[in-house]
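**Student:** For reference, this is upload.csv, and it has CSV, C-alpha atoms.
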chain,number,residue,atom,x,y,z
K,7,MET,CA,224.2,-135.7,190.4
K,8,ASN,CA,221.3,-137.5,188.6
K,9,PRO,CA,217.9,-138.0,190.2
K,10,LEU,CA,217.2,-141.5,191.4
K,11,ILE,CA,214.4,-144.0,190.7
K,12,VAL,CA,214.0,-146.8,193.2
K,13,LEU,CA,213.3,-150.4,192.2
K,14,SER,CA,214.1,-153.7,193.7
K,15,ARG,CA,217.2,-155.7,192.7
K,16,GLU,CA,214.8,-158.6,191.9
K,17,VAL,CA,212.8,-156.5,189.4
K,18,HIS,CA,216.0,-155.0,187.8
K,19,GLY,CA,217.5,-158.5,187.5
K,20,ARG,CA,214.5,-159.7,185.5
K,21,ASP,CA,215.6,-157.6,182.6
K,22,VAL,CA,219.0,-155.9,183.2
K,23,ASP,CA,219.4,-155.0,179.5
K,24,GLY,CA,215.9,-153.7,179.2
K,25,TYR,CA,216.3,-151.3,182.1
K,26,ALA,CA,219.7,-150.1,180.8
K,27,LEU,CA,218.0,-149.4,177.4
K,28,LEU,CA,215.2,-147.6,179.1
K,29,ARG,CA,217.6,-145.3,180.9
K,30,SER,CA,219.4,-144.7,177.7
K,31,ARG,CA,216.1,-143.8,175.9
K,32,CYS,CA,215.6,-141.2,178.7
K,33,GLY,CA,218.9,-139.6,177.9
K,34,GLU,CA,220.5,-141.1,181.0
K,35,VAL,CA,219.1,-138.2,183.1
K,36,PHE,CA,218.5,-140.5,186.1
K,37,ASP,CA,220.1,-143.4,187.8
K,38,TRP,CA,218.5,-146.6,189.1
K,39,LEU,CA,218.8,-147.2,192.9
K,40,LEU,CA,218.4,-150.9,193.6
K,41,TYR,CA,216.4,-151.4,196.7
K,42,GLU,CA,217.4,-154.2,199.1
K,43,GLY,CA,216.0,-152.8,202.3
K,44,ALA,CA,216.2,-149.6,204.3
K,45,HIS,CA,220.0,-150.0,204.6
K,46,SER,CA,220.4,-149.8,200.8
K,47,VAL,CA,219.5,-146.1,200.6
K,48,ALA,CA,221.9,-143.6,202.1
K,49,GLU,CA,220.4,-140.7,203.9
K,50,GLU,CA,222.0,-138.2,201.5
K,51,ASP,CA,220.4,-140.0,198.5
K,52,ARG,CA,216.8,-139.6,199.7
K,53,ALA,CA,216.5,-136.0,198.4
K,54,ARG,CA,217.5,-137.3,194.9
K,55,VAL,CA,214.7,-139.9,194.7
K,56,VAL,CA,212.0,-138.8,192.3
K,57,GLY,CA,210.2,-142.1,191.6
K,58,ALA,CA,209.9,-145.7,192.8
K,59,TYR,CA,208.4,-149.0,191.8
K,60,LEU,CA,206.6,-150.8,194.7
K,61,SER,CA,206.8,-154.4,193.3
K,62,ALA,CA,205.3,-157.5,194.7
K,63,ASP,CA,208.6,-158.7,196.3
K,64,ILE,CA,208.6,-155.5,198.4
K,65,LEU,CA,204.8,-155.6,199.2
K,66,GLU,CA,205.1,-159.3,200.1
K,67,LEU,CA,202.0,-160.5,202.1
K,68,SER,CA,201.1,-157.0,203.5
K,69,SER,CA,197.5,-156.2,203.9
K,70,LYS,CA,196.2,-152.6,203.9
K,71,THR,CA,196.6,-152.4,207.7
K,72,GLU,CA,199.2,-155.1,208.5
K,73,LEU,CA,202.6,-154.6,206.9
K,74,THR,CA,205.6,-156.9,206.7
K,75,ARG,CA,208.9,-155.5,207.9
K,76,LYS,CA,210.1,-155.0,204.3
K,77,MET,CA,207.0,-153.1,203.2
K,78,SER,CA,207.0,-151.0,206.4
K,79,ASP,CA,210.6,-150.0,205.8
K,80,PHE,CA,209.8,-149.1,202.2
K,81,CYS,CA,206.9,-146.9,203.2
K,82,ASP,CA,209.1,-145.2,205.8
K,83,LEU,CA,211.7,-144.5,203.1
K,84,MET,CA,209.1,-143.0,200.7
K,85,ARG,CA,207.9,-140.7,203.4
K,86,LYS,CA,211.5,-139.4,203.8
K,87,CYS,CA,211.9,-138.8,200.1
K,88,GLY,CA,210.7,-135.2,199.9
K,89,GLY,CA,211.2,-135.0,196.1
K,90,LEU,CA,209.2,-138.1,195.3
K,91,ARG,CA,207.0,-137.5,192.2
K,92,PHE,CA,205.6,-140.9,191.3
K,93,LEU,CA,205.1,-144.4,192.6
K,94,GLN,CA,204.2,-147.5,190.6
K,95,VAL,CA,202.1,-149.9,192.7
K,96,PRO,CA,201.2,-153.5,192.0
K,97,SER,CA,197.4,-153.3,192.6
K,98,ALA,CA,194.5,-152.0,190.6
K,99,GLY,CA,192.8,-150.6,193.8
K,100,LEU,CA,194.3,-147.5,195.4
K,101,ASP,CA,192.6,-147.8,198.8
K,102,ARG,CA,195.7,-148.3,200.9
K,103,PRO,CA,196.1,-145.4,203.5
K,104,PHE,CA,199.8,-145.2,202.4
K,105,TYR,CA,198.7,-144.3,198.9
K,106,ASP,CA,196.3,-141.6,200.2
K,107,GLU,CA,199.2,-140.2,202.3
K,108,LEU,CA,201.5,-139.9,199.3
K,109,SER,CA,198.7,-138.5,197.0
K,110,ALA,CA,198.1,-135.7,199.5
K,111,ARG,CA,201.7,-134.7,199.0
K,112,GLY,CA,201.1,-134.5,195.2
K,113,VAL,CA,202.8,-137.8,194.4
K,114,GLN,CA,201.4,-139.5,191.3
K,115,ILE,CA,200.2,-143.1,192.1
K,116,TRP,CA,200.5,-145.3,189.0
K,117,ASP,CA,198.1,-148.2,189.4
K,118,ALA,CA,198.1,-151.7,187.9
K,119,ARG,CA,194.6,-151.6,186.5
K,120,GLY,CA,194.0,-154.2,183.9
K,121,ILE,CA,197.2,-156.1,184.5
K,122,ALA,CA,195.4,-159.0,186.4
K,123,GLY,CA,192.0,-158.5,184.9
K,124,THR,CA,191.9,-161.8,183.1
K,125,THR,CA,193.3,-163.7,186.1
K,126,VAL,CA,190.8,-162.2,188.5
K,127,ALA,CA,188.0,-163.0,186.1
K,128,LEU,CA,189.2,-166.6,185.7
K,129,SER,CA,189.3,-167.0,189.5
K,130,ALA,CA,185.8,-165.6,189.8
K,131,PHE,CA,184.5,-168.0,187.1
K,132,THR,CA,186.4,-170.9,188.7
K,133,GLY,CA,184.8,-170.1,192.1
K,134,MET,CA,181.4,-170.2,190.5
K,135,LEU,CA,182.1,-173.6,188.8
K,136,MET,CA,183.5,-175.1,192.0
K,137,LEU,CA,180.4,-174.0,193.9
K,138,ALA,CA,178.0,-175.2,191.2
K,139,ARG,CA,179.7,-178.6,191.0
K,140,ASN,CA,180.2,-178.8,194.8
K,141,MET,CA,183.9,-179.4,194.4
K,142,HIS,CA,184.6,-177.8,197.8
K,143,VAL,CA,182.5,-180.6,199.4
K,144,HIS,CA,184.5,-183.3,197.6
K,145,PHE,CA,187.8,-181.7,198.6
K,146,ARG,CA,186.8,-181.8,202.3
K,147,LYS,CA,185.7,-185.5,201.9
K,148,GLN,CA,189.0,-186.3,200.2
K,149,TYR,CA,190.9,-185.0,203.2
K,150,GLU,CA,188.7,-187.2,205.4
K,151,ASN,CA,189.4,-190.3,203.1
K,152,GLU,CA,185.7,-190.6,202.5
K,153,TRP,CA,184.2,-191.8,199.2
K,154,PHE,CA,181.2,-189.4,198.8
K,155,PRO,CA,179.1,-189.7,195.7
K,156,VAL,CA,176.2,-187.3,195.5
K,157,ARG,CA,173.7,-188.0,192.7
K,158,PHE,CA,170.5,-186.6,194.3
K,159,GLY,CA,169.4,-184.2,197.0
K,160,PRO,CA,170.5,-180.7,198.0
K,161,LEU,CA,174.2,-181.5,197.4
K,162,GLU,CA,173.8,-182.8,193.9
K,163,PRO,CA,176.0,-180.7,191.6
K,164,ARG,CA,174.3,-178.1,189.4
K,165,GLY,CA,174.8,-177.1,185.8
K,166,VAL,CA,175.3,-173.5,184.9
K,167,GLU,CA,174.0,-173.5,181.3
K,168,ASN,CA,171.1,-171.0,180.9
K,169,ASN,CA,171.9,-169.6,184.4
K,170,THR,CA,171.8,-165.8,184.7
K,171,ALA,CA,174.9,-163.9,185.9
K,172,VAL,CA,174.4,-160.4,187.2
K,173,ILE,CA,177.9,-158.8,186.9
K,174,VAL,CA,178.3,-155.6,188.9
K,175,GLY,CA,181.2,-153.7,187.2
K,176,VAL,CA,181.7,-154.0,183.5
K,177,GLY,CA,185.4,-153.0,183.3
K,178,SER,CA,188.2,-155.4,182.2
K,179,ILE,CA,187.3,-157.9,184.9
K,180,GLY,CA,183.6,-157.8,184.5
K,181,ALA,CA,183.9,-157.9,180.7
K,182,GLU,CA,186.1,-161.1,180.9
K,183,ILE,CA,183.7,-162.7,183.4
K,184,ALA,CA,180.9,-162.1,180.9
K,185,ARG,CA,182.9,-163.6,178.1
K,186,LEU,CA,183.6,-166.7,180.1
K,187,CYS,CA,179.9,-167.0,181.2
K,188,LYS,CA,178.7,-166.8,177.6
K,189,ALA,CA,181.2,-169.6,176.7
K,190,VAL,CA,179.0,-171.9,178.8
K,191,SER,CA,175.7,-170.7,177.5
K,192,MET,CA,174.9,-168.4,180.4
K,193,LYS,CA,172.8,-165.2,180.3
K,194,THR,CA,174.6,-162.0,181.4
K,195,ILE,CA,173.3,-158.8,182.8
K,196,GLY,CA,175.8,-156.0,183.5
K,197,VAL,CA,175.4,-153.3,186.2
K,198,ARG,CA,177.4,-150.1,185.9
K,199,ARG,CA,177.4,-146.6,187.3
K,200,THR,CA,176.2,-144.8,184.2
K,201,SER,CA,174.1,-145.8,181.2
K,202,CYS,CA,175.8,-146.9,178.0
K,203,GLY,CA,175.0,-148.7,174.7
K,204,PRO,CA,175.3,-152.5,174.1
K,205,LEU,CA,178.5,-154.2,175.3
K,206,PRO,CA,180.1,-157.3,174.0
K,207,ASN,CA,179.0,-160.5,175.8
K,208,PHE,CA,176.3,-158.8,177.9
K,209,ASP,CA,172.7,-159.5,177.0
K,210,SER,CA,171.7,-156.3,178.7
K,211,VAL,CA,173.3,-153.5,180.9
K,212,VAL,CA,171.5,-151.5,183.6
K,213,THR,CA,172.6,-148.6,185.8
K,214,LEU,CA,173.5,-149.1,189.4
K,215,ASP,CA,170.2,-147.5,190.6
K,216,ARG,CA,168.4,-150.4,188.9
K,217,LYS,CA,170.3,-153.3,190.5
K,218,ASP,CA,167.4,-154.3,192.6
K,219,GLU,CA,165.4,-154.9,189.5
K,220,VAL,CA,167.8,-157.5,188.2
K,221,LEU,CA,169.0,-159.2,191.5
K,222,PRO,CA,165.8,-161.5,191.6
K,223,ARG,CA,166.8,-162.8,188.2
K,224,ALA,CA,170.3,-163.8,189.2
K,225,ASP,CA,171.6,-167.3,189.7
K,226,TRP,CA,175.0,-165.8,190.3
K,227,VAL,CA,175.9,-162.3,191.4
K,228,PHE,CA,179.5,-161.3,190.6
K,229,LEU,CA,181.0,-158.2,192.3
K,230,ALA,CA,183.8,-156.8,190.1
K,231,CYS,CA,183.5,-153.1,190.7
K,232,PRO,CA,185.7,-150.5,192.4
K,233,LEU,CA,185.1,-149.5,196.0
K,234,THR,CA,183.6,-146.0,196.1
K,235,PRO,CA,181.2,-144.3,198.4
K,236,GLU,CA,178.5,-145.4,196.0
K,237,THR,CA,179.4,-149.1,196.1
K,238,PHE,CA,180.2,-149.3,199.9
K,239,HIS,CA,177.8,-152.0,201.2
K,240,LEU,CA,176.1,-152.1,197.8
K,241,MET,CA,175.1,-155.7,198.7
K,242,ASP,CA,173.4,-155.3,202.1
K,243,ALA,CA,170.7,-157.2,203.9
K,244,ASP,CA,168.0,-155.7,201.6
K,245,ALA,CA,169.9,-156.7,198.5
K,246,PHE,CA,170.5,-160.3,199.7
K,247,GLY,CA,166.8,-160.4,200.4
K,248,LYS,CA,166.1,-159.8,196.8
K,249,MET,CA,168.2,-162.7,195.6
K,250,LYS,CA,166.8,-166.1,194.9
K,251,ALA,CA,167.6,-168.6,197.7
K,252,GLU,CA,169.3,-170.8,195.1
K,253,ALA,CA,171.6,-168.0,194.0
K,254,GLY,CA,175.3,-167.6,194.8
K,255,LEU,CA,177.6,-164.6,195.4
K,256,ILE,CA,181.1,-164.1,194.0
K,257,ASN,CA,183.1,-161.2,195.4
K,258,VAL,CA,186.4,-160.3,193.7
K,259,ALA,CA,185.9,-156.6,194.1
K,260,ARG,CA,186.7,-155.2,197.5
K,261,GLY,CA,185.4,-156.6,200.8
K,262,PRO,CA,183.3,-153.6,201.8
K,263,VAL,CA,181.2,-153.8,198.6
K,264,ALA,CA,179.3,-156.4,200.5
K,265,ASP,CA,178.1,-156.0,204.1
K,266,GLU,CA,179.9,-158.9,205.6
K,267,ASP,CA,177.6,-159.3,208.7
K,268,ALA,CA,174.5,-159.2,206.5
K,269,LEU,CA,176.1,-161.8,204.1
K,270,ILE,CA,177.0,-164.1,207.0
K,271,GLU,CA,173.4,-164.0,208.2
K,272,ALA,CA,172.0,-164.6,204.7
K,273,LEU,CA,174.3,-167.6,204.3
K,274,GLN,CA,173.4,-169.0,207.7
K,275,ARG,CA,169.7,-168.6,207.0
K,276,GLU,CA,170.3,-170.1,203.5
K,277,GLN,CA,168.8,-166.9,202.0
K,278,VAL,CA,171.8,-167.0,199.8
K,279,ARG,CA,172.9,-170.5,198.8
K,280,CYS,CA,176.7,-170.1,198.6
K,281,ALA,CA,179.6,-167.7,198.1
K,282,TYR,CA,183.1,-167.5,196.8
K,283,LEU,CA,184.9,-164.6,198.6
K,284,ASP,CA,188.4,-163.4,197.8
K,285,VAL,CA,188.1,-160.1,199.6
K,286,PHE,CA,186.9,-159.1,203.1
K,287,GLU,CA,186.0,-156.1,205.2
K,288,VAL,CA,188.9,-156.8,207.4
K,289,GLU,CA,192.0,-158.4,206.0
K,290,PRO,CA,193.5,-160.8,207.0
K,291,LEU,CA,190.1,-162.3,207.8
K,292,PRO,CA,189.9,-162.7,211.6
K,293,PRO,CA,190.2,-166.3,212.9
K,294,ALA,CA,186.9,-165.8,214.8
K,295,SER,CA,184.9,-165.1,211.6
K,296,PRO,CA,182.1,-167.6,211.0
K,297,LEU,CA,183.0,-167.6,207.3
K,298,TRP,CA,185.9,-169.9,208.0
K,299,ASN,CA,183.7,-172.8,208.9
K,300,MET,CA,180.7,-172.4,206.6
K,301,HIS,CA,180.1,-175.5,204.4
K,302,ASN,CA,178.7,-173.3,201.6
K,303,VAL,CA,181.6,-170.8,201.3
K,304,ILE,CA,184.9,-170.9,199.5
K,305,LEU,CA,187.6,-168.4,200.7
K,306,THR,CA,190.8,-167.3,199.2
K,307,PRO,CA,193.2,-164.7,200.8
K,308,HIS,CA,192.8,-161.8,198.4
K,309,ALA,CA,194.6,-163.9,195.8
K,310,ALA,CA,192.3,-163.9,192.8
K,311,GLY,CA,194.8,-161.8,190.8
K,312,ASP,CA,197.9,-163.7,191.7
K,313,ALA,CA,199.7,-165.4,188.8
K,314,GLN,CA,203.4,-165.5,187.8
K,315,THR,CA,202.5,-163.9,184.5
K,316,ARG,CA,201.6,-160.6,186.1
K,317,TYR,CA,205.2,-159.6,187.0
K,318,GLY,CA,206.4,-159.2,183.4
K,319,LYS,CA,203.2,-157.3,182.5
K,320,LEU,CA,203.6,-154.8,185.3
K,321,ASP,CA,207.3,-154.3,184.6
K,322,GLU,CA,206.4,-153.4,181.0
K,323,ARG,CA,203.6,-151.1,182.2
K,324,PHE,CA,206.1,-149.3,184.6
K,325,ARG,CA,208.7,-148.9,181.8
K,326,GLN,CA,206.1,-147.4,179.4
K,327,ARG,CA,204.8,-145.0,182.0
K,328,LEU,CA,208.3,-143.9,182.9
K,329,LEU,CA,208.9,-143.1,179.2
K,330,GLN,CA,205.7,-141.1,179.2
K,331,TRP,CA,206.7,-139.3,182.4
K,332,TYR,CA,210.1,-138.5,181.0
K,333,ALA,CA,208.6,-137.1,177.8
K,334,SER,CA,206.2,-134.9,179.8
K,335,ALA,CA,208.9,-133.7,182.2
K,336,SER,CA,211.4,-132.9,179.5
K,337,GLN,CA,208.8,-130.5,177.9
K,338,LEU,CA,208.5,-128.5,181.1
Have the structure of the file written as structure tokens, please.
**Tutor:**
Amino acid sequence: MNPLIVLSREVHGRDVDGYALLRSRCGEVFDWLLYEGAHSVAEEDRARVVGAYLSADILELSSKTELTRKMSDFCDLMRKCGGLRFLQVPSAGLDRPFYDELSARGVQIWDARGIAGTTVALSAFTGMLMLARNMHVHFRKQYENEWFPVRFGPLEPRGVENNTAVIVGVGSIGAEIARLCKAVSMKTIGVRRTSCGPLPNFDSVVTLDRKDEVLPRADWVFLACPLTPETFHLMDADAFGKMKAEAGLINVARGPVADEDALIEALQREQVRCAYLDVFEVEPLPPASPLWNMHNVILTPHAAGDAQTRYGKLDERFRQRLLQWYASASQL
């Protein structure tokens, strides 16, 4: 009997012919197992499962610590598949405890790095523009049926031309943020772990240990880096103290890259003017968090990368990786 590769019926249904062709190109040495819940995988089939595709329709709205029933059932199934060798996941970050658990067993975790880079960058850039133009203020007034023109004073909208963006992380997301910033005549400074030569759309690039030198120059600080021991609480009370009071923070990286308590205090004291936050130290963000009711904050629920276009891109990434995996396995 052939080994099994698990994917949802929804994913398979998006391109039935394509998945049939993929299986043919791999010599029909495996069969698809179409997942529709725990009941769809017989106990005797678990030992045959060698790979799986954790797609968004299985993940649903699960956070790292709070799982939907569908996601919980899928995780339990993977734990029972002793021959599992790879898992395609829908996220760029691999900081879910479940992924660590599988990695410790020797399972390859195939990430989705780069799939949503353009979308995340666009969300970050949009957040900056909304804060600069005080669109969040107008939205609130709209819900209150209030005509609220602001042409002077602290709520007067700002321009962004000639502003300086400090972009922490110069990978696919950071690079796209820089390109968008240059399109509106902003200056860009990249911050990365190691030194490098000039990069497109960055006026300069410094190493992480020099971030404190460039923070005072920033009108906007974008966080677009991975969460590592080196970047944990990279933006802390000391870092916020080095920013201009007129500066804003955009975090589309991971919540713990910024010390949330220190950020809340900096925003309350107007040490930092405003923030767009898509990620948080605890997700979902607890209802008691002061961030919910801050007039100078825009929140989104870890949704900066969400777009319908990502599904087809990730499906294609999975198929290409499966071909590569088959080629490698067939040579053993």
**Student:** Counting all atoms listed in the file, write as an MDAnalysis selection string all protein and nucleic acid residues lying at most 9 Å from (184.0, -160.4, 194.4) in the file's frame.
**Tutor:** chainID K and resid 130 227:231 255:261 263:264 282:285
**Student:** Which residues, written as number ranges by chain, have at least one atom at most 9 Å from K:Ser68, with all atoms listed in the file counted and residues fewer than 6 positions away on the same chain left out?
**Tutor:** K: 74, 77-78
**Student:** My list of candidates is K:Leu233, K:Ala309, K:Leu137, K:Met192. Which is closest to K:Gly175 when distances are computed with only C-alpha atoms?
**Tutor:** K:Leu233
**Student:** Neighbouring residues of K:Arg102 were defined as those with any atom within 9 Å, considering only C-alpha atoms; residues of the same chain fewer than 2 positions away were excluded. Please report them as number ranges by chain.
**Tutor:** K: 69-71, 99-100, 104-107
**Student:** Find the distance between atom CA of K:Glu289 and atom CA of K:Ala268 and write it in Å to one decimal.
**Tutor:**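 Separation of atom CA of K:Glu289 and atom CA of K:Ala268: 17.5 Å.
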**Student:** State, in Å with one decimal place, the distance from atom CA of K:Thr315 to atom CA of K:Lys76.
**Tutor:**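 Separation of atom CA of K:Thr315 and atom CA of K:Lys76: 23.0 Å.
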**Student:** Record the distance separating atom CA of K:Gly89 and atom CA of K:Leu40, expressed in Å with one decimal.
**Tutor:**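 Atom CA of K:Leu40 lies 17.6 Å from atom CA of K:Gly89.
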**Student:** Which residue, K:Ser14, K:Asn302, K:Leu39, K:Pro9, has the smallest gap to K:Pro160 when you use only C-alpha atoms?
**Tutor:**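 Closest candidate: K:Asn302.
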**Student:** Identify, on the basis of only C-alpha atoms, every residue whose closest approach to K:Leu329 does not exceed 10 Å; exclude the query and any residue fewer than 5 positions from it along the same chain; express the result as an mmCIF file with C-alpha atoms, in the frame of the given file.
**Tutor:**
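So the final result, stored in out15.cif, reads:
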data_model
loop_
_atom_site.group_PDB
_atom_site.id
_atom_site.type_symbol
_atom_site.label_atom_id
_atom_site.label_comp_id
_atom_site.auth_asym_id
_atom_site.auth_seq_id
_atom_site.Cartn_x
_atom_site.Cartn_y
_atom_site.Cartn_z
ATOM 1 C CA LEU K 28 215.200 -147.600 179.100
ATOM 2 C CA ARG K 29 217.600 -145.300 180.900
ATOM 3 C CA ARG K 31 216.100 -143.800 175.900
ATOM 4 C CA CYS K 32 215.600 -141.200 178.700
ATOM 5 C CA PHE K 324 206.100 -149.300 184.600
ATOM 6 C CA SER K 334 206.200 -134.900 179.800
ATOM 7 C CA ALA K 335 208.900 -133.700 182.200
#
**Student:** Please identify all polymer residues lying at most 10 Å from the point (225.3, -136.9, 192.3) (file coordinates), using all atoms listed in the file, and present the result as a PyMOL selection string.
**Tutor:** chain K and resi 7-10+36-37+50-51+54
**Student:** Just the residues within 6 Å of stretch 118-128 of chain K, please, counting only C-alpha atoms, with nothing from its chain fewer than 5 positions along; format it as a ChimeraX atom specification.
**Tutor:** /K:96-98,178-179,182-183,310-311
**Student:** So, with all atoms listed in the file as the atoms that count, which of K:Glu49, K:Arg323, K:Val55, K:Ile64 lies closest to K:Asp117?
**Tutor:** K:Arg323
**Student:** Find, counting all atoms listed in the file, the residue in K:Phe238, K:Phe286, K:Phe92, K:Trp226 that gets nearest to K:Gly57.
**Tutor:**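 Looking only at the distances to K:Gly57, the closest residue turns out to be K:Phe92.
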**Student:** With only C-alpha atoms as the atoms that count, which of K:Met241, K:Ala44, K:Val288, K:Ala171 lies nearest to K:Val190?
**Tutor:**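 Using only C-alpha atoms, the shortest distance to K:Val190 belongs to K:Ala171.
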**Student:** Show which residues sit within 9 Å of K:Leu90, as a list of chain:residue names. Count only C-alpha atoms, and ignore same-chain residues fewer than 5 positions away.
**Tutor:**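 Listed by chain and then number, they are K:Arg52, K:Ala53, K:Arg54, K:Val55, K:Val56, K:Gly57, K:Ala58, K:Met84, K:Arg85, K:Leu108, K:Gly112, K:Val113, K:Gln114.
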